[in-house]
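**Q** Input file: structure.tsv. Contents: TSV, C-alpha atoms.
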chain	number	residue	atom	x	y	z
A	258	MET	CA	-19.11	8.32	-8.61
A	259	LYS	CA	-21.91	9.07	-6.15
A	260	LYS	CA	-23.82	6.09	-7.50
A	261	THR	CA	-20.78	3.84	-7.08
A	262	LEU	CA	-20.27	5.08	-3.53
A	263	LYS	CA	-23.92	4.54	-2.59
A	264	LYS	CA	-24.01	1.09	-4.16
A	265	HIS	CA	-20.79	-0.06	-2.51
A	266	VAL	CA	-20.88	1.90	0.74
A	267	GLY	CA	-20.26	-1.20	2.87
A	268	TYR	CA	-17.22	-2.16	0.82
A	269	TYR	CA	-15.75	1.32	1.01
A	270	ILE	CA	-16.25	1.49	4.77
A	271	SER	CA	-14.34	-1.79	5.08
A	272	LEU	CA	-11.59	-0.50	2.76
A	273	LEU	CA	-11.22	2.72	4.74
A	274	SER	CA	-11.13	0.70	7.97
A	275	ILE	CA	-8.27	-1.43	6.61
A	276	PHE	CA	-6.37	1.70	5.56
A	277	ILE	CA	-6.99	3.61	8.78
A	278	VAL	CA	-5.77	0.66	10.87
A	279	GLY	CA	-2.71	0.25	8.58
A	280	PHE	CA	-1.92	3.95	8.71
A	281	ILE	CA	-2.33	4.27	12.49
A	282	LEU	CA	-0.11	1.23	13.06
A	283	THR	CA	2.53	2.65	10.68
A	284	VAL	CA	2.58	5.90	12.65
A	285	PHE	CA	2.45	4.08	15.99
A	286	VAL	CA	5.53	1.91	15.37
A	287	SER	CA	7.51	4.83	13.89
A	288	PRO	CA	10.52	5.08	13.65
A	289	ASN	CA	10.94	1.26	13.66
A	290	LEU	CA	11.35	0.85	9.91
A	291	ASP	CA	11.34	-2.95	9.91
A	292	LEU	CA	7.94	-3.10	11.59
A	293	GLN	CA	6.67	-0.34	9.32
A	294	LYS	CA	7.68	-2.38	6.26
A	295	ILE	CA	5.73	-5.40	7.55
A	296	ILE	CA	2.61	-3.34	8.33
A	297	ILE	CA	2.70	-1.55	4.95
A	298	SER	CA	3.14	-4.85	3.07
A	299	LEU	CA	0.23	-6.44	4.94
A	300	THR	CA	-1.98	-3.40	4.24
A	301	ILE	CA	-1.17	-3.60	0.52
A	302	ILE	CA	-1.90	-7.35	0.42
A	303	ALA	CA	-5.21	-6.65	2.20
A	304	TYR	CA	-6.03	-4.04	-0.47
A	305	VAL	CA	-5.36	-6.45	-3.35
A	306	ILE	CA	-7.49	-9.17	-1.72
A	307	TRP	CA	-10.24	-6.63	-0.96
A	308	GLY	CA	-10.25	-5.37	-4.58
A	309	ILE	CA	-10.47	-8.88	-6.04
A	310	PHE	CA	-13.18	-9.90	-3.56
A	311	HIS	CA	-15.14	-6.72	-4.30
A	312	HIS	CA	-15.21	-7.45	-8.05
A	313	TYR	CA	-15.95	-11.12	-7.47
A	314	LYS	CA	-19.00	-10.30	-5.35
A	315	ASN	CA	-20.24	-7.94	-8.08
A	316	HIS	CA	-19.81	-10.59	-10.78
A	317	GLU	CA	-17.37	-8.45	-12.73
A	318	LEU	CA	-14.13	-10.21	-11.97
A	319	THR	CA	-11.81	-10.89	-14.91
A	320	ARG	CA	-8.20	-11.97	-15.09
A	321	ARG	CA	-7.26	-8.50	-16.27
A	322	ILE	CA	-8.83	-6.92	-13.19
A	323	VAL	CA	-6.99	-9.35	-10.89
A	324	ILE	CA	-3.72	-8.38	-12.59
A	325	GLU	CA	-4.61	-4.69	-12.34
A	326	TYR	CA	-5.09	-4.84	-8.55
A	327	ILE	CA	-1.90	-6.83	-8.11
A	328	LEU	CA	0.01	-4.32	-10.26
A	329	ILE	CA	-1.42	-1.28	-8.47
A	330	GLY	CA	-0.42	-2.89	-5.16
A	331	LEU	CA	3.07	-3.67	-6.44
A	332	PHE	CA	3.37	-0.18	-7.88
A	333	GLY	CA	2.62	1.38	-4.45
A	334	LEU	CA	5.08	-1.03	-2.85
A	335	SER	CA	7.79	-0.24	-5.43
A	336	VAL	CA	7.50	3.51	-4.81
A	337	LEU	CA	7.85	2.97	-1.05
A	338	PHE	CA	10.79	0.61	-1.65
A	339	PHE	CA	12.44	3.31	-3.76
A	340	LEU	CA	11.77	5.85	-0.99
A	341	ILE	CA	13.25	3.69	1.74
A	342	GLU	CA	16.29	2.65	-0.30
A	343	GLY	CA	16.79	6.33	-1.16
A	344	GLY	CA	17.64	6.83	2.49
A	345	VAL	CA	14.53	8.46	3.88
B	9	MET	CA	3.35	16.00	-28.83
B	10	ILE	CA	0.04	17.18	-27.36
B	11	SER	CA	-1.67	14.21	-28.95
B	12	PHE	CA	0.90	11.89	-27.34
B	13	LEU	CA	0.35	13.47	-23.92
B	14	LYS	CA	-3.40	13.09	-24.31
B	15	HIS	CA	-2.82	9.47	-25.26
B	16	LEU	CA	-0.80	9.03	-22.06
B	17	PHE	CA	-3.04	10.85	-19.62
B	18	LEU	CA	-6.59	10.98	-21.01
B	19	PRO	CA	-9.04	8.22	-22.00
B	20	ARG	CA	-9.45	8.32	-25.78
B	21	GLU	CA	-10.15	6.04	-28.69
B	22	THR	CA	-6.41	5.61	-29.33
B	23	ASN	CA	-5.85	4.09	-25.88
B	24	ASN	CA	-9.09	2.11	-25.75
B	25	TYR	CA	-10.66	4.71	-23.45
B	26	ARG	CA	-8.17	4.22	-20.64
B	27	ALA	CA	-5.23	6.62	-20.07
B	28	LYS	CA	-2.16	4.81	-21.36
B	29	ILE	CA	-0.22	5.11	-18.10
B	30	LEU	CA	-3.05	3.26	-16.34
B	31	HIS	CA	-2.76	0.22	-18.62
B	32	ASN	CA	-1.43	-2.93	-16.99
B	33	LYS	CA	1.69	-2.89	-19.16
B	34	SER	CA	2.48	0.68	-18.12
B	35	LEU	CA	1.89	-0.18	-14.46
B	36	LEU	CA	4.27	-3.10	-14.82
B	37	LEU	CA	6.90	-0.85	-16.38
B	38	PHE	CA	6.58	1.75	-13.59
B	39	THR	CA	6.77	-0.97	-10.96
B	40	LEU	CA	9.90	-2.50	-12.47
B	41	PHE	CA	11.42	0.95	-12.86
B	42	PHE	CA	10.92	1.87	-9.19
B	43	PHE	CA	12.15	-1.48	-7.90
B	44	SER	CA	15.26	-1.15	-10.12
B	45	ALA	CA	15.77	2.49	-9.09
B	46	GLY	CA	15.49	1.46	-5.44
B	47	LEU	CA	18.14	-1.23	-5.90
B	48	LEU	CA	20.37	1.27	-7.72
B	49	MET	CA	19.95	3.81	-4.93
B	50	SER	CA	20.84	1.16	-2.37
B	51	PHE	CA	23.94	0.19	-4.38
B	52	LEU	CA	25.03	3.83	-4.79
B	53	ARG	CA	24.53	4.64	-1.13
B	54	THR	CA	26.59	1.63	-0.09
B	55	ASN	CA	29.37	1.82	-2.66
B	56	TYR	CA	29.47	5.49	-3.66
B	57	PRO	CA	28.41	7.51	-0.61
B	58	GLN	CA	30.11	10.58	-2.14
B	59	VAL	CA	27.53	10.49	-4.96
B	60	LEU	CA	24.36	9.52	-3.13
B	61	GLY	CA	24.14	9.67	0.60
B	62	THR	CA	22.27	10.90	3.60
B	63	PHE	CA	23.43	14.32	4.70
B	64	SER	CA	22.00	17.29	6.47
B	65	ASN	CA	22.37	21.01	6.23
B	66	ILE	CA	22.24	21.20	10.01
B	67	SER	CA	25.15	22.90	11.72
B	68	ASN	CA	25.71	23.48	15.42
B	69	ASP	CA	26.02	27.21	14.86
B	70	GLN	CA	22.64	27.37	13.14
B	71	LEU	CA	20.99	25.28	15.87
B	72	LEU	CA	22.47	27.59	18.51
B	73	ALA	CA	21.45	30.73	16.65
B	74	ILE	CA	17.83	29.62	16.18
B	75	THR	CA	17.56	28.34	19.75
B	76	ASN	CA	18.89	31.64	21.11
B	77	GLN	CA	16.56	33.56	18.84
B	78	ASP	CA	13.60	31.72	20.39
B	79	ARG	CA	14.98	32.30	23.88
B	80	GLN	CA	15.45	35.96	23.14
B	81	THR	CA	11.83	36.20	21.96
B	82	ALA	CA	10.78	34.62	25.27
B	83	GLY	CA	12.88	37.20	27.15
B	84	LEU	CA	15.53	34.72	28.25
B	85	PRO	CA	19.34	35.03	28.18
B	86	PRO	CA	21.10	33.17	25.33
B	87	LEU	CA	22.82	29.81	25.82
B	88	SER	CA	26.54	29.39	25.21
B	89	ILE	CA	28.12	26.43	23.46
B	90	ASN	CA	29.97	24.31	25.99
B	91	SER	CA	32.65	21.94	24.70
B	92	GLU	CA	31.99	19.35	27.42
B	93	LEU	CA	28.28	19.26	26.64
B	94	SER	CA	29.07	19.05	22.93
B	95	GLN	CA	31.39	16.13	23.68
B	96	ALA	CA	28.67	14.50	25.80
B	97	ALA	CA	26.18	14.95	22.94
B	98	GLN	CA	28.68	13.45	20.51
B	99	ASN	CA	29.30	10.47	22.81
B	100	LYS	CA	25.55	9.97	23.18
B	101	ALA	CA	25.07	10.04	19.39
B	102	ASN	CA	27.88	7.51	18.90
B	103	ASP	CA	26.39	5.29	21.60
B	104	MET	CA	22.96	5.42	19.96
B	105	PHE	CA	24.38	4.36	16.60
B	106	SER	CA	26.63	1.65	18.01
B	107	LYS	CA	23.92	0.12	20.23
B	108	ASP	CA	21.16	0.91	17.71
B	109	TYR	CA	18.54	2.52	19.96
B	110	TRP	CA	16.24	5.54	19.78
B	111	ALA	CA	15.68	6.50	23.39
B	112	HIS	CA	16.97	8.77	26.13
B	113	VAL	CA	18.16	5.77	28.13
B	114	SER	CA	20.33	3.16	26.42
B	115	PRO	CA	19.35	-0.55	26.45
B	116	ASP	CA	21.95	-1.16	29.19
B	117	GLY	CA	20.36	1.56	31.34
B	118	THR	CA	22.86	4.37	30.70
B	119	THR	CA	21.13	7.71	31.21
B	120	PRO	CA	22.08	10.97	29.45
B	121	TRP	CA	23.49	12.23	32.75
B	122	VAL	CA	26.23	9.61	32.62
B	123	PHE	CA	27.47	10.99	29.28
B	124	ILE	CA	27.47	14.51	30.69
B	125	LYS	CA	29.26	13.54	33.90
B	126	ASN	CA	31.88	11.51	32.01
B	127	THR	CA	33.03	14.65	30.20
B	128	GLY	CA	33.65	16.36	33.54
B	129	TYR	CA	30.72	18.76	33.33
B	130	ASN	CA	29.42	19.01	36.90
B	131	TYR	CA	25.88	20.08	36.32
B	132	ILE	CA	23.22	21.35	38.63
B	133	TYR	CA	20.56	21.13	35.97
B	134	ALA	CA	20.75	19.10	32.79
B	135	GLY	CA	18.45	18.13	29.96
B	136	GLU	CA	18.46	16.36	26.63
B	137	ASN	CA	16.51	16.75	23.40
B	138	LEU	CA	16.77	14.28	20.51
B	139	ALA	CA	15.71	14.56	16.87
B	140	ARG	CA	16.10	12.41	13.79
B	141	GLY	CA	15.17	12.59	10.12
B	142	PHE	CA	15.23	16.37	9.72
B	143	THR	CA	17.23	18.14	7.03
B	144	THR	CA	17.25	21.75	8.21
B	145	PRO	CA	18.05	23.28	11.61
B	146	GLY	CA	14.83	25.32	11.46
B	147	ASP	CA	12.73	22.14	11.19
B	148	VAL	CA	14.53	20.56	14.16
B	149	VAL	CA	14.07	23.57	16.44
B	150	ASN	CA	10.45	24.06	15.30
B	151	ALA	CA	9.65	20.41	16.09
B	152	TRP	CA	11.13	20.81	19.57
B	153	MET	CA	9.36	24.11	20.14
B	154	ASN	CA	6.03	22.52	19.18
B	155	SER	CA	6.41	19.78	21.80
B	156	PRO	CA	5.66	20.99	25.37
B	157	SER	CA	8.36	18.93	27.12
B	158	HIS	CA	11.06	19.81	24.59
B	159	ARG	CA	9.97	23.44	24.59
B	160	GLU	CA	10.36	23.39	28.37
B	161	ASN	CA	14.01	22.44	27.89
B	162	MET	CA	14.57	24.98	25.11
B	163	LEU	CA	13.11	27.85	27.12
B	164	SER	CA	14.26	26.90	30.59
B	165	PRO	CA	15.84	29.82	32.49
B	166	LYS	CA	17.85	27.27	34.48
B	167	TYR	CA	20.17	26.39	31.62
B	168	THR	CA	23.15	28.49	30.63
B	169	ASP	CA	25.10	26.06	28.44
B	170	VAL	CA	24.27	23.82	25.52
B	171	GLY	CA	26.07	21.26	23.36
B	172	PHE	CA	25.04	19.76	20.03
B	173	ALA	CA	25.97	16.72	17.98
B	174	VAL	CA	24.75	16.13	14.43
B	175	GLU	CA	25.56	12.66	13.09
B	176	THR	CA	24.44	10.61	10.11
B	177	GLY	CA	24.18	6.84	10.19
B	178	ASN	CA	21.89	3.84	10.30
B	179	LEU	CA	19.59	3.88	13.30
B	180	THR	CA	16.96	1.16	13.85
B	181	GLY	CA	17.20	0.13	10.20
B	182	GLU	CA	16.95	3.64	8.77
B	183	ASN	CA	19.64	5.89	7.32
B	184	THR	CA	19.08	9.10	9.18
B	185	VAL	CA	20.47	12.33	10.55
B	186	LEU	CA	20.54	12.29	14.33
B	187	VAL	CA	20.65	15.50	16.39
B	188	VAL	CA	21.49	15.38	20.09
B	189	GLU	CA	21.14	18.52	22.18
B	190	MET	CA	22.40	18.56	25.76
B	191	PHE	CA	21.52	21.40	28.12
B	192	GLY	CA	23.19	22.20	31.40
B	193	SER	CA	24.22	24.70	33.97
B	194	THR	CA	26.91	24.54	36.60
B	195	SER	CA	25.51	27.30	38.76
B	196	PHE	CA	22.08	28.15	40.07
B	197	ALA	CA	19.89	30.10	37.67
B	198	THR	CA	20.16	33.89	37.78
B	199	LYS	CA	16.40	34.15	37.55
B	200	THR	CA	14.68	33.36	40.81
B	201	VAL	CA	12.56	30.30	40.53
B	202	ASN	CA	10.33	29.49	43.48
B	203	PRO	CA	10.50	25.90	44.79
B	204	GLU	CA	7.07	25.05	43.37
B	205	GLN	CA	8.07	26.17	39.89
B	206	GLN	CA	11.43	24.43	40.20
B	207	GLN	CA	9.75	21.15	41.08
B	208	LYS	CA	7.40	21.48	38.12
B	209	SER	CA	10.07	22.16	35.53
B	210	ILE	CA	12.11	19.18	36.65
B	211	ALA	CA	9.10	16.92	36.33
B	212	VAL	CA	7.98	18.24	32.96
B	213	ALA	CA	11.41	18.10	31.43
B	214	VAL	CA	11.32	14.32	31.59
B	215	THR	CA	14.84	14.33	30.29
B	216	SER	CA	16.34	16.26	33.20
B	217	PRO	CA	15.39	14.65	36.46
B	218	THR	CA	18.72	14.78	38.30
B	219	LEU	CA	19.94	17.49	40.63
B	220	THR	CA	23.53	17.81	41.75
B	221	PRO	CA	23.66	19.75	44.99
B	222	THR	CA	27.13	21.28	44.75
B	223	PRO	CA	27.80	23.93	42.14
B	224	THR	CA	31.12	23.62	40.33
B	225	LEU	CA	33.11	26.60	39.18
B	226	VAL	CA	34.16	26.77	35.55
B	227	GLN	CA	37.84	26.18	35.31
B	228	THR	CA	39.73	29.00	33.59
B	229	SER	CA	43.29	28.18	34.64
B	230	PRO	CA	45.79	27.18	31.91
B	231	GLN	CA	45.57	23.54	30.81
B	232	PRO	CA	48.55	21.19	30.44
B	233	ASN	CA	48.89	22.02	26.73
B	234	GLY	CA	48.99	25.73	27.52
B	235	GLN	CA	45.45	26.47	26.34
B	236	THR	CA	42.79	27.88	28.59
B	237	LEU	CA	39.46	26.11	28.66
B	238	ALA	CA	37.94	29.02	26.73
B	239	GLU	CA	40.53	28.54	23.95
B	240	GLN	CA	39.81	24.83	23.89
B	241	LYS	CA	36.10	25.59	23.50
B	242	ILE	CA	36.79	27.81	20.50
B	243	ASN	CA	38.95	25.12	18.90
B	244	PHE	CA	36.32	22.48	19.54
B	245	ASN	CA	33.60	24.63	17.96
B	246	GLN	CA	35.80	25.25	14.93
B	247	GLN	CA	36.33	21.50	14.59
B	248	LEU	CA	32.59	20.90	14.79
B	249	ALA	CA	31.88	23.54	12.17
B	250	ALA	CA	34.49	21.97	9.89
B	251	THR	CA	32.94	18.53	10.37
B	252	ASN	CA	29.52	19.86	9.40
B	253	LEU	CA	30.93	21.56	6.34
B	254	ASN	CA	32.60	18.35	5.23
B	255	GLN	CA	29.37	16.41	5.72
B	256	THR	CA	27.61	18.74	3.32
B	257	GLU	CA	30.35	18.77	0.75
B	258	LYS	CA	31.05	15.07	0.51
B	259	THR	CA	27.67	14.08	-1.00
B	260	LEU	CA	26.55	15.05	-4.50
B	261	VAL	CA	22.86	14.16	-4.16
B	262	ASN	CA	20.83	13.89	-0.97
B	263	GLY	CA	19.20	10.50	-1.51
B	264	ALA	CA	16.39	11.10	0.98
B	265	THR	CA	15.29	14.43	-0.50
B	266	PHE	CA	15.48	13.09	-4.05
B	267	SER	CA	13.50	9.93	-3.36
B	268	VAL	CA	10.81	11.74	-1.31
B	269	LEU	CA	10.29	14.32	-4.03
B	270	SER	CA	10.17	11.71	-6.83
B	271	ALA	CA	7.77	9.48	-4.90
B	272	ARG	CA	5.41	12.36	-4.10
B	273	VAL	CA	5.37	13.57	-7.70
B	274	ILE	CA	4.71	10.16	-9.25
B	275	ILE	CA	1.96	9.17	-6.79
B	276	SER	CA	0.27	12.58	-7.13
B	277	LEU	CA	0.43	12.24	-10.92
B	278	PHE	CA	-1.27	8.84	-10.81
B	279	ILE	CA	-3.99	10.11	-8.46
B	280	PHE	CA	-4.60	13.05	-10.79
B	281	VAL	CA	-4.79	10.85	-13.91
B	282	LEU	CA	-7.11	8.35	-12.18
B	283	ILE	CA	-9.51	11.11	-11.10
B	284	LEU	CA	-9.42	12.69	-14.58
B	285	ASP	CA	-10.03	9.28	-16.16
B	286	MET	CA	-12.94	8.63	-13.81
B	287	ILE	CA	-14.61	11.99	-14.53
B	288	ILE	CA	-14.26	11.75	-18.33
B	289	ILE	CA	-15.53	8.16	-18.50
B	290	GLU	CA	-18.50	8.97	-16.30
B	291	ARG	CA	-19.42	12.00	-18.40
B	292	LYS	CA	-19.12	10.08	-21.66
B	293	LYS	CA	-20.96	7.12	-20.10
B	294	ILE	CA	-18.48	4.60	-21.46
B	295	ILE	CA	-18.67	1.07	-20.10
B	296	ARG	CA	-15.32	-0.61	-19.43
B	297	PHE	CA	-14.28	-3.75	-17.63
B	298	VAL	CA	-11.45	-2.42	-15.50
B	299	GLY	CA	-10.79	-1.98	-11.80
B	300	HIS	CA	-12.55	0.85	-9.93
B	301	ASN	CA	-10.55	4.06	-10.19
B	302	LEU	CA	-11.96	5.18	-6.86
B	303	ASP	CA	-10.36	2.17	-5.13
B	304	HIS	CA	-6.98	3.03	-6.62
B	305	VAL	CA	-7.33	6.73	-5.73
B	306	ILE	CA	-8.01	5.84	-2.09
B	307	PHE	CA	-5.13	3.34	-2.09
B	308	LEU	CA	-2.63	5.77	-3.64
B	309	SER	CA	-3.76	8.50	-1.22
B	310	LEU	CA	-2.81	6.12	1.58
B	311	ILE	CA	0.60	5.61	-0.05
B	312	LEU	CA	1.00	9.41	-0.21
B	313	LEU	CA	0.19	9.67	3.50
B	314	ILE	CA	2.69	6.91	4.30
B	315	ILE	CA	5.34	8.81	2.30
B	316	LEU	CA	4.68	11.83	4.52
B	317	VAL	CA	5.03	9.69	7.66
B	318	LEU	CA	8.25	8.04	6.47
B	319	ALA	CA	9.74	11.36	5.39
B	320	LYS	CA	8.82	13.15	8.60
B	321	GLY	CA	11.47	13.53	11.25
B	322	SER	CA	10.78	12.55	14.82
B	323	ILE	CA	11.80	13.93	18.18
B	324	LEU	CA	12.29	12.40	21.60
Before anything else, please render the file you have as C-alpha cells.
**A**
Amino acid sequence: MKKTLKKHVGYYISLLSIFIVGFILTVFVSPNLDLQKIIISLTIIAYVIWGIFHHYKNHELTRRIVIEYILIGLFGLSVLFFLIEGGV
Amino acid sequence: MISFLKHLFLPRETNNYRAKILHNKSLLLFTLFFFSAGLLMSFLRTNYPQVLGTFSNISNDQLLAITNQDRQTAGLPPLSINSELSQAAQNKANDMFSKDYWAHVSPDGTTPWVFIKNTGYNYIYAGENLARGFTTPGDVVNAWMNSPSHRENMLSPKYTDVGFAVETGNLTGENTVLVVEMFGSTSFATKTVNPEQQQKSIAVAVTSPTLTPTPTLVQTSPQPNGQTLAEQKINFNQQLAATNLNQTEKTLVNGATFSVLSARVIISLFIFVLILDMIIIERKKIIRFVGHNLDHVIFLSLILLIILVLAKGSIL
C-alpha cells in the first residue's frame, strides 16, 4: 500500500482535494437537501472519472475496471438515496 | 457456512482471489437493492405513514426538564411553561412548514416577536431557539448548550417563561422533526443585571433583540369560559403531551433511524472487506487486474462522512 501511495501521490492528492471540496460544500449548504444532492452527485461523478483516468494513465484500464468504478459510484449513490428516502 | 462466509468476504481461489461481495455482479445487486429499498421507503412513507414515518421521542416536558436541569446547574431559577409562548412556538413551526423556510425571520420578513405578540404575550425580553433533525430531547438541548448564542438564551437570567413546539413535516425538501423554543418574560429579571451586561446579552442572543418598555401583569382573573389562565395553561400542556404521545405511537418504524443505521452498517462492512482484501492480496503478492481498493476505501469513507452530515440535526 505504501508503494502504491508513493507511486501515485499526485493522484491521491487530487482525489482528496475533490472529496474535501465536495464534503465542505455538502456541509456548507446544509440543510438544503436539494443542493446537497447535486453536490454529492457531482462529487461521485468526479470520482468515477478520476478512477478511470487514473487507470488509463497507468496503462491498466480495462472494461471491467471502468464498470467497477461506475458500480462503486452507483453503489455509494444508492445508499445515500436509500438514506434520504428513509426520511433522514 | 464458514467456507461460504470466507467466499463472500475474503479473497480465495473459489472467488478468483477477490471477495465475492466486491465482484461487479455483487455490486450491481447491492446497488439495485438499495435503489429499490429507497423507492419502497418513499412509497411507504407517503402511503403508509403509520408503518414508516418520521417521528421523534421529543416531548415538551422532557425539553423543559432538561433545560431546567441545566439552569439549575448554572444556579438559575427554573423556567415555567407558558401557554402563550407554546402557542407562539406552534404558530412559528406551522409558518416554517407552510412557507418552507429554515430561519428566524420568515421570507416575508415576519420576526419571531410577531408570533409572540400575536398570542397576547407582552414580553420585556424574548428569545428563540430552533432545532431540526434530532430524535431525542437530550440531543436537542445538548446542541443548543454547545452553541454560545443558544446557550446564552438557555441560561439567561432574564427569562422566566418558555414555550415549545415539536412538529414533523417536510422542510426545505427534507422530512424532519422541527423544534421551536420561545423564551420570554413579562417582568424585569429578579437578578440584577447591570446595563453593560444587559446590552451584551441582548446583542449576543441574536434572536432576542427587541425590548418592550412596559411590563405587563399576568392575568389571573376568570376567563369567559370560567377557567383561570392557570387552568388553561394546564389544559394546554396536557394537550401538548397527548399530541407528543400520539406522534410516537402512530409510527411503527422510524424511517430515519432505520435507514441511517442500515447505511452505516453496509458502508462500514464494505470498507472493512476492501481493507481486508487489500492486505491479504498484498501479503500473498497476487497480481489482479481490478480497481484500486484504496480508491474505493477513500470514496466509501467520504460516503460514511456524508451519512453523518445528513443524519446530524442542525440548530439555528
**Q** Could you list, as a PyMOL selection string, every residue of chain B that has an atom within 6 Å of an atom of chain A, counting only C-alpha atoms?
**A** chain B and resi 32+39+42-43+46+49-50+181+183+263-264+267-268+271+298-299+319
**Q** Report, in Å with one decimal, the straight-line distance from atom CA of A:His316 to atom CA of B:Lys33.
**A**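 Interatomic distance, atom CA of A:His316 to atom CA of B:Lys33: 24.3 Å.
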**Q** Separation of atom CA of B:Tyr129 and atom CA of B:Glu92, in Å?
**A**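 Result for atom CA of B:Tyr129 versus atom CA of B:Glu92: 6.1 Å, one decimal.
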**Q** Would you mind reading off the distance between atom CA of B:Gly135 and atom CA of B:Trp110, one decimal, in Å?
**A** 16.3 Å
**Q** Which is closer to B:Pro120 than all the others in B:Gly146, B:Pro85, B:Pro165, B:Gly192, using only C-alpha atoms?
**A**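 Checking each candidate against B:Pro120, we get B:Gly192 as the closest.
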**Q** Select, counting only C-alpha atoms, all protein, DNA and RNA residues no farther than 12 Å from (-20.1, 7.7, -5.1) in file coordinates, and express the selection as a PyMOL selection string.
**A** (chain A and resi 258-269) or (chain B and resi 286-287+290+300-303)
**Q** Which of these residues is nearest to B:Val317, using only C-alpha atoms: A:Ile270, A:Phe285, A:Tyr313, A:Leu299?
**A**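 Closest to B:Val317, using only C-alpha atoms: A:Phe285.
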**Q** Determine the nearest neighbour of B:Val281 from the options B:Ser11, B:Gly177, B:Gln98, B:Pro19, counting only C-alpha atoms.
**A** B:Pro19
**Q** Give the answer as one residue: which of B:Leu312, B:Ala97, B:Leu18, B:Val113 has the shortest atom-to-atom distance to B:Leu269, using only C-alpha atoms?
**A**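 Of all the options, B:Leu312 lies closest to B:Leu269.
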